[in-house]
Structure formats: C-alpha cells, structure tokens
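Report on one structure; see the data block that follows.
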Protein chains: 2
Amino acid sequence: MSETNAYSDFLQAWGVVADLEHGSAVLQWDQETRMPAKGAAARGKILATLAGVRHDKMVSAELSDALHKAIESVATDSLEAKQLDKAKTQIDRETRIPSALAVALAEAQSAGLHAWQNARAEADFSMFQQELEELVHLNREKASALAGDGKPYDALLDLYEEGSTEADLKPMFAELGDVLAPMIKAVGASKPVDESPAKGHFDPAAQKSFCKMIAAKMGYDFEAGRLDKTTHPFCTTFGQGDVRITWRWQEDDIRPAMYGVMHEAGHGLYEQGLPTEWARTPLWAASGLGMHESQSRLWENMVGRSEAFWHWAMPHFQDSFPDKAGLTPEQMFPALNTCKPSLIRVEADEATYNLHVAVRFEVERLLFAGGVNVADLPELWDQTYQKLLGVRAESISDGVLQDIHWAMGAFGYFPTYTIGNLVCAQLFEQAQADLNDLESQISKGEFAPLLQWLREHVHQHGRRYSTQEMVQMATGKPLTAQPLLNHLTGLAERVYAIQSW
Amino acid sequence: MSETNAYSDFLQAWGVVADLEHGSAVLQWDQETRMPAKGAAARGKILATLAGVRHDKMVSAELSDALHKAIESVATDSLEAKQLDKAKTQIDRETRIPSALAVALAEAQSAGLHAWQNARAEADFSMFQQELEELVHLNREKASALAGDGKPYDALLDLYEEGSTEADLKPMFAELGDVLAPMIKAVGASKPVDESPAKGHFDPAAQKSFCKMIAAKMGYDFEAGRLDKTTHPFCTTFGQGDVRITWRWQEDDIRPAMYGVMHEAGHGLYEQGLPTEWARTPLWAASGLGMHESQSRLWENMVGRSEAFWHWAMPHFQDSFPDKAGLTPEQMFPALNTCKPSLIRVEADEATYNLHVAVRFEVERLLFAGGVNVADLPELWDQTYQKLLGVRAESISDGVLQDIHWAMGAFGYFPTYTIGNLVCAQLFEQAQADLNDLESQISKGEFAPLLQWLREHVHQHGRRYSTQEMVQMATGKPLTAQPLLNHLTGLAERVYAIQSW
C-alpha cells in the first residue's frame, strides 16, 4: 500500500467516528427542540448506543493500526502530520480511560443529573451530596488516568481548552479579581443605570425576525443553519453545511433574545467558517471552548453592545418595535452595559461574569488539590462569593447548586468562559488596529471586514493551532488579561461615571 | 452462561441494531423536515456511515454466535423462539447479499435516483434507461441471492410482505381486474360527481388544527408523536414513545390534508400500539407493509370517507371553515368517494388505485420472468394501462417514469399497496360484525372501540404473525378479494347510481 493510501485510509476510518459524533448531535438537537415527551427513554438508549459504537471505534486496534501506518507515511511538520497528531491526542485520551471507568462515569452522570435537578428544586444539598461525591471520586480517577505524570486537574482543564493549566490560570484570575472586585464595589455604590430602553413589550414573532435579520447581517448562513427555540440556547454542528443555533426570548426584555442570538450566531460563524476541505478530519473543529467562547462574546459584547452598533441597528429595532420610536443609541448603550454583583452566573453582566467563573475555578482547584471534601463545598462556595462579589446566596439553589456542569461530570470546564472573554478582548483590540475604522464600519452595519478578519485569523485554522498559538499569531503577543480589563474598566467609567476606585 | 443469559445477551446485541436503525430514522426525518439545503452532502455521509455500521453488526460473527447460542437455550414454539426466528430471517437475508453487491446496489440507487429525477423532468426515458438496466441487473442478482432454490421475484416480494408470492398475487390481481375494470368503465360513462363540497378555500392553520383534532380523536398520541410538513407525507418510528407523522395541504381542497393525516395517523396508531415490552427486539415492528397499509387505509377510507364519520365531523369542519355552513354529510359523501380512471397512481381514487398497482405488478412480473427488457418497459407500461384503465399517458413522465420506487431499487414493493386494501376491507368487515353497531359509534366520534379491536387483533402482535396469519386469526378466513370488491362496488352503485355493468 502506498504512503498516500495509508493516510487516506486513516482519514476514511476517522470519518466514521466524525459521522457518529455528528449523527448523535442531530439526535440531541431533536431531543431539545422537537422530541415528544414520551420519546425520552428510547432516545437515551439510541444515544448511548451511538456513544458506545463511537467509543469502540476510537479505541479499536484497527484505528490505532491505521493511525500508526499513516504516521509513518507522512512528512514530519506537514499538515498531514498535524492531522494525525490531533487524532492521536484524542485516541490516546479515550484509550487511557478504562472501559469500566467510562461506564461508571456515564452512570454517575445520569444519576447525578437527576439528583441535582431534585436537590436544586428542593434547595437541599443532601439530596445531591452522595452523587456528587461519586462524581468527584470518578473524575479524580479519570484525571489521574489522563494526567499520567502531569497534574490531575490540568488534565481536566486540557480536555476543554488544550494546554490550559492551573499554574497559568491562577495568576490570571488573581489579576482579574484584583482589578474587577474593587471596581464592581465602586459601581455598586454609584447611581443605578436606567434599563428601561431595553425593556417594554416585544412580540415574539417580531423578536424572531429582528434577531434573524441581525444574524444574517453578521454573516450567519441560514442555508447552512437554522434557528429554533430551546430552554437553553446553544449552537450545534452536524457537519459541513449544517450548523444550527437556538434561542429563547422574554416578552418584556429584548436582551435575552437579541444577545442570545448574537452569541450563538458568533459560535455558528466559527463553525460555518471551518475549512471545507477538512470536513470529517481531525482538524475540522474549533480550537477549544475558550476560542469558541471568544467568537460568541465578540459578536455579542464587542459588536452588539457597542454604541456604534446601535447607530445601525436602531432604525431596524424601531421598525420591529414601534413603541421604541425616539430612542437614541446613546440612551440604549448604558442599558446594555450594566454592571452589578449578582448571585447567578448565567444572568451576570460582562464584568461580574468573570468573578463568577473565578469562584468556580477556586473551588474546583481546591477540590482537586485534595484539601476540600464535597461536604465542605456549600460553605466554601458562599465564602468565595462573599470574598469576590460581596454577595451570599440565601438559598443553596442559588449557591453551589446553581450550575449543571458538575452534575454532568464536567470539571475544569468553567475557566473556558473567562479564557473566551480574554481572547475576545485581545482579538478585538487587534482587529481594531488592523481594520480601517472598524467602529465606523459597525455603525453602518458593515460586518463583512470583521468577519473576514476572524475567518483569516481564527476560523480557517480549525484545530490546527491551540488558542494560545492563534492569539500569538493574530496579535503578536501572548494571551493577557489587559485588553479585557481595559475594556471592562472603560465601560464602567463611561456607564457609571466612576473615575477611580 | 445460563440459558436465560444467552437469550438476553442476544437481545442486547440486537438492541444495538435497532438503535442504529431508529437513529437513522431520526436523521432522515430531520432531512425531510428541518435540514438546511447545504447540509445534504454531509447528511448523506452520516446516513451511509450508520447504514454501514448497522450492516457490519448484522452480518458479524458476534451476532451470529449470540443468535445460535440463544436458539439452543430457548424452548421450541416459545415466544422467545419466535423472536429469534424473526431475527434469523433478517440476519440470513442480509448475510446472503455479498458486500460487493450491497455496495453496487447503494451506488446504483444513488445514481438511479438522480437520473430518474432528470429523466422525469425532461420526459426522456433514455436519460434513465442505462441506470434502470443496472438497477434491474443488480436486483436480479439480489433476488437470486435471496431466493436460494425459490423464485427470484418471490424473494423480492417477500422483502416487503413476508410470504407473498407471484403465484398468490396473480389470481388476486386478475380477480380485481375482472370486476373493477368494467365497473370503472361504467362509472366513466355516468354523470360526474359534484366535488365542490370538498373544495373552496381552507386556511392552512385551520386545516392543521382540524386535522390534528381528528388524529387525536382517533387515538394518535401527540405526546408520543408529532405532525410536521413534508413534500410527501410519511410516518416514521424512532422507538417506543416517538412515532411521527407528516402532512401537506392544498389551500383549495381539504382532501389532501385531511385524508393524508388520517392515513398517516392510521400508520402511527399501529406503531404506537406495538407492545411496549418488546421494544428494541425483533418482534417490535409491524408485520409487513401490506398490514401497515391496511391500518392507514382503514382509518382513511373505511372511517374517514364514510357518511357516518361526517355526522360527527361536520360541525367541527364547519367550526374550522365557516364557509361550509349548511353543508350536509349526505352532500359531502360523494365528493370523497369519486371514481375515475386516471394516469397517476398517487392521485388515484380508492377503486382505480388497485388497477394502477395491477399494472406495476404485471410489468415487474414479466421483467423478472426474463422475457422483457428495460427498453420494452415504456410500451409495455402504456399497453397495460390501456388494457386495465383504458387510458394512455401522453408524456412518459406520466407513464413509466412516474414512480420513484424502481429508481430507489425497490422492486416487488407495489403489490403491498393492494394487499393493504384487501386486508383493510376484510378486517373492517369483521370489526363491523364483532362490534356493536360500529357505524353508530363512528357517527358519534367514538373511535375507541374500533382502535381497541385493532390493538387486539393486529397491533399487539407486532411481527409475531404474518399478515396472512393475522387475517386468518382475526376473521376466521384466509385473505380474499371479496370484502374489498363488495366495498368498492357498493360505493360505485351508491355514488354513481349504476346497477350493473
């Protein structure tokens, strides 16, 4: 067999794994958007079967053999070698987790999710404690299996954002906390912002057409995607040419729908911009969750919440919602850039959001360092919130029980949200420098140059480079917190008229 | 390993195959109802991958071994033995077709579908002839592989309706033709029916709620299903608790929507009525396409087109479409039971439909007997239409190019439509005898006793018995054409006031 064949044979086998993943994604999307209530049990079995078939393929001797033959057949440092290297990382990862542990994790996640939902509804940590202990126990095992000689928590962080480590994240969160915690305190002491421009009555059908118009204007291709309603918005990819987003709305506030759609469309643009010729290969994916989040946040926050954007958007907004006649972009701007300490991460504003994440990083870090037990988590959670945000939950449902992540067995995931914010600010700063008057383009609804910049510096690379590498290539600097801090302190100064704190 | 374990181990392995089939069904449903245009190529690859994985499982040594161990462990004539017997039939069938032939068939179907669409659009048989020759050639090979010592065409018929043979079907179609052909001729010479009661302007949203109301009243469970729009209506099953139907409508005619929904809901009731405890096992399926069609036709034709039904439905119809105030069930009835020779099968009425099927059976039969070549088909088709229906297509697009079935590689499929009509009439006749005044129940919208009768005599058996066996068990007689002929001649006599012909 020729060298070329060994490589294309491997890609062929890998394509089967990719198809199984994308097929499962369709089933999950349907589960969230269309499935009738009584179909849940059967659907769970189908998804488990597909996951099992995929796992078997991933850890099969056939795939390993094909990989090793392919590796021997390609030139070092070639694109082909990079493809195979990415595949190897994923295959190794999956192979390191013993089957028994994988099964135990799946069962613990299923039990955990169920227990968490009940515990949260009843505001009773004891209803979830045992399941969470099992999840932590199994995830410690998983982390050790993945880490080899490395640090267990780093192995979990690496799952969601390749190369991210506790040692790098700790000073980053410290820096954010040092600047943002006092700033948020100062904001809290100043006059609250008038949010009425973003509130009122917004007909859902009019919200939908307004939001779809914005997404299309951003460049999201509805012939390669669609928008549907779900409880929690998300973006999902079924392969080249089918990248879907979902949304929800509130009738009395335009922000959940509009910024939800811009956020998900930002994710969607990334996926729609992956290189066509890599479809079904290891590199046909986003670099990591942090880079993904940077794309959604960039469109949501840097573009959508800017005053410039509203110079373009306001007439369309007023066409859709005639009650808003007379409103100016200057009046709208503060309502979209509020800042106030709160208890719930998913409802937090752009600045405090990072402190919510910092709380979770701190708690997870200690949990995997071993000094903290599951029973200690409620108090540790509340204390850390008090320290960083100055608030304390009255109900444990708004405290340590608020997030689904741990119940789903996802530890090490939260930091990607803040990595995304950092990357977003640093990339946007660079795009402003590279593009000729980006603000003016945005104020005219000309988003194509910005999208083109993102396609060139991010989307076209797929998974070829890590987030850190792409940031370095695009901006000439390593990832730092400074651009985000500049952005957030600038906003606070403008919106709340605070000067120093 | 104990005897019980061998059996449950096999069912476990079979469940994987069932899950892969149901997973593919979800992907196909999404393709028809929701997929954006640009997702088609990637979706095709995912479906091919799932089909390949499923095929590999079906013909795997593991499944065969599990089957044989299970067969040795269960008592002859037990339900378990029946389960395994059904599985064996399917595994044997799939194993008999060499992989190279399966691949060639898949490719020929894909090429055939494409060529057929173009040929039909251009009304040019030569654009499809070569692809059809390849499809016929490969299906002859497939038929021989499946038939073993039996007759090739019978092996194809058996794929869609177990146990049906050319020798049984030939006299059946002859009997239908002998009665129906002259009857249809006589009808054609009589005064046409006024179809205006079924025509007018029908708002699509009002059509949807009216049709959904009827389906729910029939017993179709929307918590275990849903109704969506497609180009061609169908019913599809994703497992226990998720059986979906689709529809289409015409704004100027209530019949396509209403009878389409009653038809698909009839299919859906069958699937929703399969025994829960058999989910993911070989017997958790309909007996065959003929029995399936009997269920859809029964609700569509026997119930929905009856005058009794309209005594219940008319007030609801008039609520939904106030233009129809004053219309009586007696006026509506003829418009729903017209009979006239036509060229297009899918638009044909209840009586002539069977002759359309008879044409196709005759042509297929001769094609697989070997005396006819693909090049002869256009003329053979037109001659047979002339003989049975007295009409001849002006365009070949309305002639031999009208159906998708052969382009998809489905030979031996058409007769199931008429088998379904026969079964429908014979079962309904028996239900009338068994139930206390079924007509009066229908006229009050009381469909539960009829559904219960179908559940008991058909649905609860899954694939345990063949269609013929179930008809015998339910009616005490073998399947015959007489009940259908009684029904159709009775209708013609009443609607067209013809007495003899």
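By convention here, the chains of the structure tokens are called A, B, ... in the order presented, each chain's residues are numbered starting at 1, and ligands are numbered starting at 1 in the order presented.
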| message | So that I can check the secondary structure, give me every residue of stretch 236-300 of chain B assigned alpha helix (DSSP H) by backbone DSSP, as a ChimeraX atom specification. | response | /B:255-272,289-297
May I have a table of the residues of chain B lying at most 9 Å from chain A, giving each one's closest pair of atoms and their distance in Å to one decimal, counting only C-alpha atoms, ordered by chain and ascending residue number, as a tab-separated table?
residue	atom	partner	partner_atom	distance
B:Gly15	CA	A:Thr49	CA	8.6
B:Val16	CA	A:Thr49	CA	6.1
B:Ala18	CA	A:Ile46	CA	8.5
B:Asp19	CA	A:Ile46	CA	4.8
B:Leu20	CA	A:Ile46	CA	7.0
B:His22	CA	A:Ile46	CA	7.4
B:Gly23	CA	A:Ile46	CA	6.3
B:Ser24	CA	A:Gly23	CA	8.2
B:Val26	CA	A:Leu27	CA	6.8
B:Leu27	CA	A:Val26	CA	6.8
B:Asp30	CA	A:Val26	CA	8.1
B:Arg34	CA	A:Arg226	CA	8.4
B:Met35	CA	A:Asp242	CA	7.4
B:Pro36	CA	A:Glu223	CA	5.3
B:Ala37	CA	A:Glu223	CA	5.6
B:Lys38	CA	A:Gly241	CA	4.7
B:Gly39	CA	A:Gly241	CA	4.4
B:Ala40	CA	A:Gly241	CA	7.7
B:Ala41	CA	A:Gln240	CA	8.0
B:Ala42	CA	A:Gly239	CA	5.6
B:Arg43	CA	A:Gly239	CA	7.6
B:Lys45	CA	A:Asp19	CA	7.2
B:Ile46	CA	A:Asp19	CA	4.9
B:Leu47	CA	A:Gly23	CA	8.1
B:Thr49	CA	A:Val16	CA	6.1
B:Leu50	CA	A:Leu20	CA	7.4
B:Val53	CA	A:Val53	CA	8.5
B:Phe222	CA	A:Pro36	CA	7.3
B:Glu223	CA	A:Pro36	CA	5.2
B:Ala224	CA	A:Lys38	CA	5.0
B:Gly225	CA	A:Pro36	CA	5.7
B:Arg226	CA	A:Pro36	CA	6.9
B:Phe238	CA	A:Ala42	CA	7.7
B:Gly239	CA	A:Ala42	CA	5.6
B:Gln240	CA	A:Ala42	CA	6.0
B:Gly241	CA	A:Gly39	CA	4.4
B:Asp242	CA	A:Gly39	CA	4.6
B:Val243	CA	A:Gly39	CA	8.4
B:Ala279	CA	A:Ala42	CA	8.7
B:Arg280	CA	A:Ala42	CA	8.9
Residues of the last selection are to be written out with C-alpha atoms, as a short mmCIF file (atom, residue, chain, number, x, y, z; two decimals), in the first residue's frame.
data_model
loop_
_atom_site.label_atom_id
_atom_site.label_comp_id
_atom_site.auth_asym_id
_atom_site.auth_seq_id
_atom_site.Cartn_x
_atom_site.Cartn_y
_atom_site.Cartn_z
CA GLY B 15 -30.95 -3.70 20.54
CA VAL B 16 -27.83 -2.05 19.15
CA ALA B 18 -32.49 -1.48 16.43
CA ASP B 19 -30.99 1.69 17.90
CA LEU B 20 -28.90 2.26 14.79
CA HIS B 22 -34.03 4.26 14.76
CA GLY B 23 -31.17 6.74 14.92
CA SER B 24 -31.01 6.77 11.12
CA VAL B 26 -34.35 10.48 13.11
CA LEU B 27 -31.68 11.73 10.70
CA ASP B 30 -34.75 15.77 10.02
CA ARG B 34 -35.71 20.61 9.04
CA MET B 35 -32.33 20.27 7.36
CA PRO B 36 -30.94 23.37 5.66
CA ALA B 37 -30.17 22.95 1.95
CA LYS B 38 -26.41 22.96 2.30
CA GLY B 39 -26.41 20.12 4.83
CA ALA B 40 -27.37 17.47 2.28
CA ALA B 41 -23.92 16.13 1.40
CA ALA B 42 -22.76 15.76 4.99
CA ARG B 43 -26.07 14.16 5.94
CA LYS B 45 -22.32 10.61 4.54
CA ILE B 46 -23.63 10.25 8.08
CA LEU B 47 -26.51 8.09 6.91
CA THR B 49 -21.90 5.51 7.83
CA LEU B 50 -24.77 4.48 10.10
CA VAL B 53 -22.13 0.21 10.89
CA PHE B 222 -49.26 13.52 20.33
CA GLU B 223 -47.18 13.10 23.49
CA ALA B 224 -45.59 10.18 21.68
CA GLY B 225 -45.57 11.78 18.27
CA ARG B 226 -45.89 14.97 16.26
CA PHE B 238 -37.79 6.33 16.41
CA GLY B 239 -38.59 3.82 19.12
CA GLN B 240 -41.12 3.33 21.87
CA GLY B 241 -42.84 6.66 22.54
CA ASP B 242 -41.76 8.55 19.41
CA VAL B 243 -43.79 7.84 16.26
CA ALA B 279 -39.20 -2.53 22.37
CA ARG B 280 -35.82 -2.96 20.64
#
| Who sits within 9 Å of B:His201, only C-alpha atoms, same chain under 3 positions skipped, as a list in words | Gln250, Glu251, Asp252, Asp253, Ile254, Phe321 and Asp323 of chain B
Save out the residues we just selected, C-alpha atoms, as a CSV table (one decimal), in the first residue's frame.
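And here's part06.csv as it stands now:
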chain,number,residue,atom,x,y,z
B,250,GLN,CA,-53.7,22.3,-0.6
B,251,GLU,CA,-55.4,25.6,0.1
B,252,ASP,CA,-58.3,24.9,-2.3
B,253,ASP,CA,-59.1,21.3,-1.3
B,254,ILE,CA,-59.5,19.8,2.2
B,321,PHE,CA,-64.3,26.6,7.9
B,323,ASP,CA,-67.8,29.0,4.5
| A:Ala393 surroundings by only C-alpha atoms, 12 Å radius, close-in-sequence under 2 positions cut, as number ranges by chain | A: 123, 341-344, 378-379, 381-386, 389-391, 395-402
| field | B:Trp310 environment, 12 Å, only C-alpha atoms, sequence neighbours closer than 3 positions dropped, as a list in words | value |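 Listing them by chain and then by number gives Ile214, Met302, Val303, Gly304, Arg305, Ser306, Glu307, Ala313, Met314, Pro315, His316, Phe317, Gln318, Leu327, Thr328, Pro329, Glu330, Gln331, Met332, Phe333, Pro334, Leu336, Glu439, Ser440, Gln441, Ile442, Ser443, Lys444 and Gly445 of chain B.
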| message | To one decimal place in Å, what is the distance between atom CA of B:Cys424 and atom CA of B:Leu298? | response |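 Atom CA of B:Leu298 lies 5.4 Å from atom CA of B:Cys424.
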| request: Would you mind listing what lies within 12 Å of A:Glu456 as a ChimeraX atom specification, with only C-alpha atoms counted and same-chain residues fewer than 2 positions away left out? | output: /A:270,273-275,427,431,449-454,458-462,470,473-474
| field | stretch 466-469 of chain A surroundings by only C-alpha atoms, 12 Å radius, close-in-sequence under 2 positions cut, as a ChimeraX atom specification | value | /A:82,86,158,160-165,168,283,285-295,416,419-420,422-424,426-427,457-459,461-464,471-480
| In Å to one decimal, how far is atom CA of B:Ala25 from atom CA of B:Lys229? |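 If I compute the distance from atom CA of B:Lys229 to atom CA of B:Ala25, I get 16.2 Å.
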| query | Using only C-alpha atoms, which residue out of A:His267, A:Lys142, A:Lys69, A:Arg120 lies closest to A:Val103? | reply |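 For A:Val103, the nearest of the given residues is A:Lys142.
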| request: Go through A:His487, A:His137, A:His263, A:Lys324 and flag the residue nearest A:Glu300, using only C-alpha atoms for the distances. | output: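 Counting only C-alpha atoms, the residue closest to A:Glu300 is A:His263.
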| task | Record the distance separating atom CA of B:Asn337 and atom CA of B:Glu364, expressed in Å with one decimal. | result | 29.4 Å
| said: I need the residue nearest B:Leu366 from this list: B:His405, B:Lys387, B:Lys170, B:Arg494. Use only C-alpha atoms for the distance. | reply: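 Among the listed residues, the smallest separation from B:Leu366 belongs to B:Lys170.
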| request: Pull the strand (DSSP E or B) assignments for stretch 79-289 of chain A out of DSSP run on the backbone, and list those residues as a PyMOL selection string. | output: chain A and resi 199+227-229+235-237+243-247+250+253
| request: Would you mind telling me which residue in A:Asp154, A:Trp29, A:Val136, A:Gln12 lies nearest to A:His232 when using only C-alpha atoms? | output: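 Closest candidate: A:Trp29.
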| Nearest residue to A:Arg140 from the set A:Gly412, A:Pro152, A:Gly200, A:Gly188 (distances using only C-alpha atoms) |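 Residue with the minimum atom-to-atom distance to A:Arg140: A:Pro152.
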| request: Determine the nearest neighbour of A:Leu79 from the options A:Thr230, A:Trp299, A:Trp278, A:Glu195, counting only C-alpha atoms. | output: A:Trp278
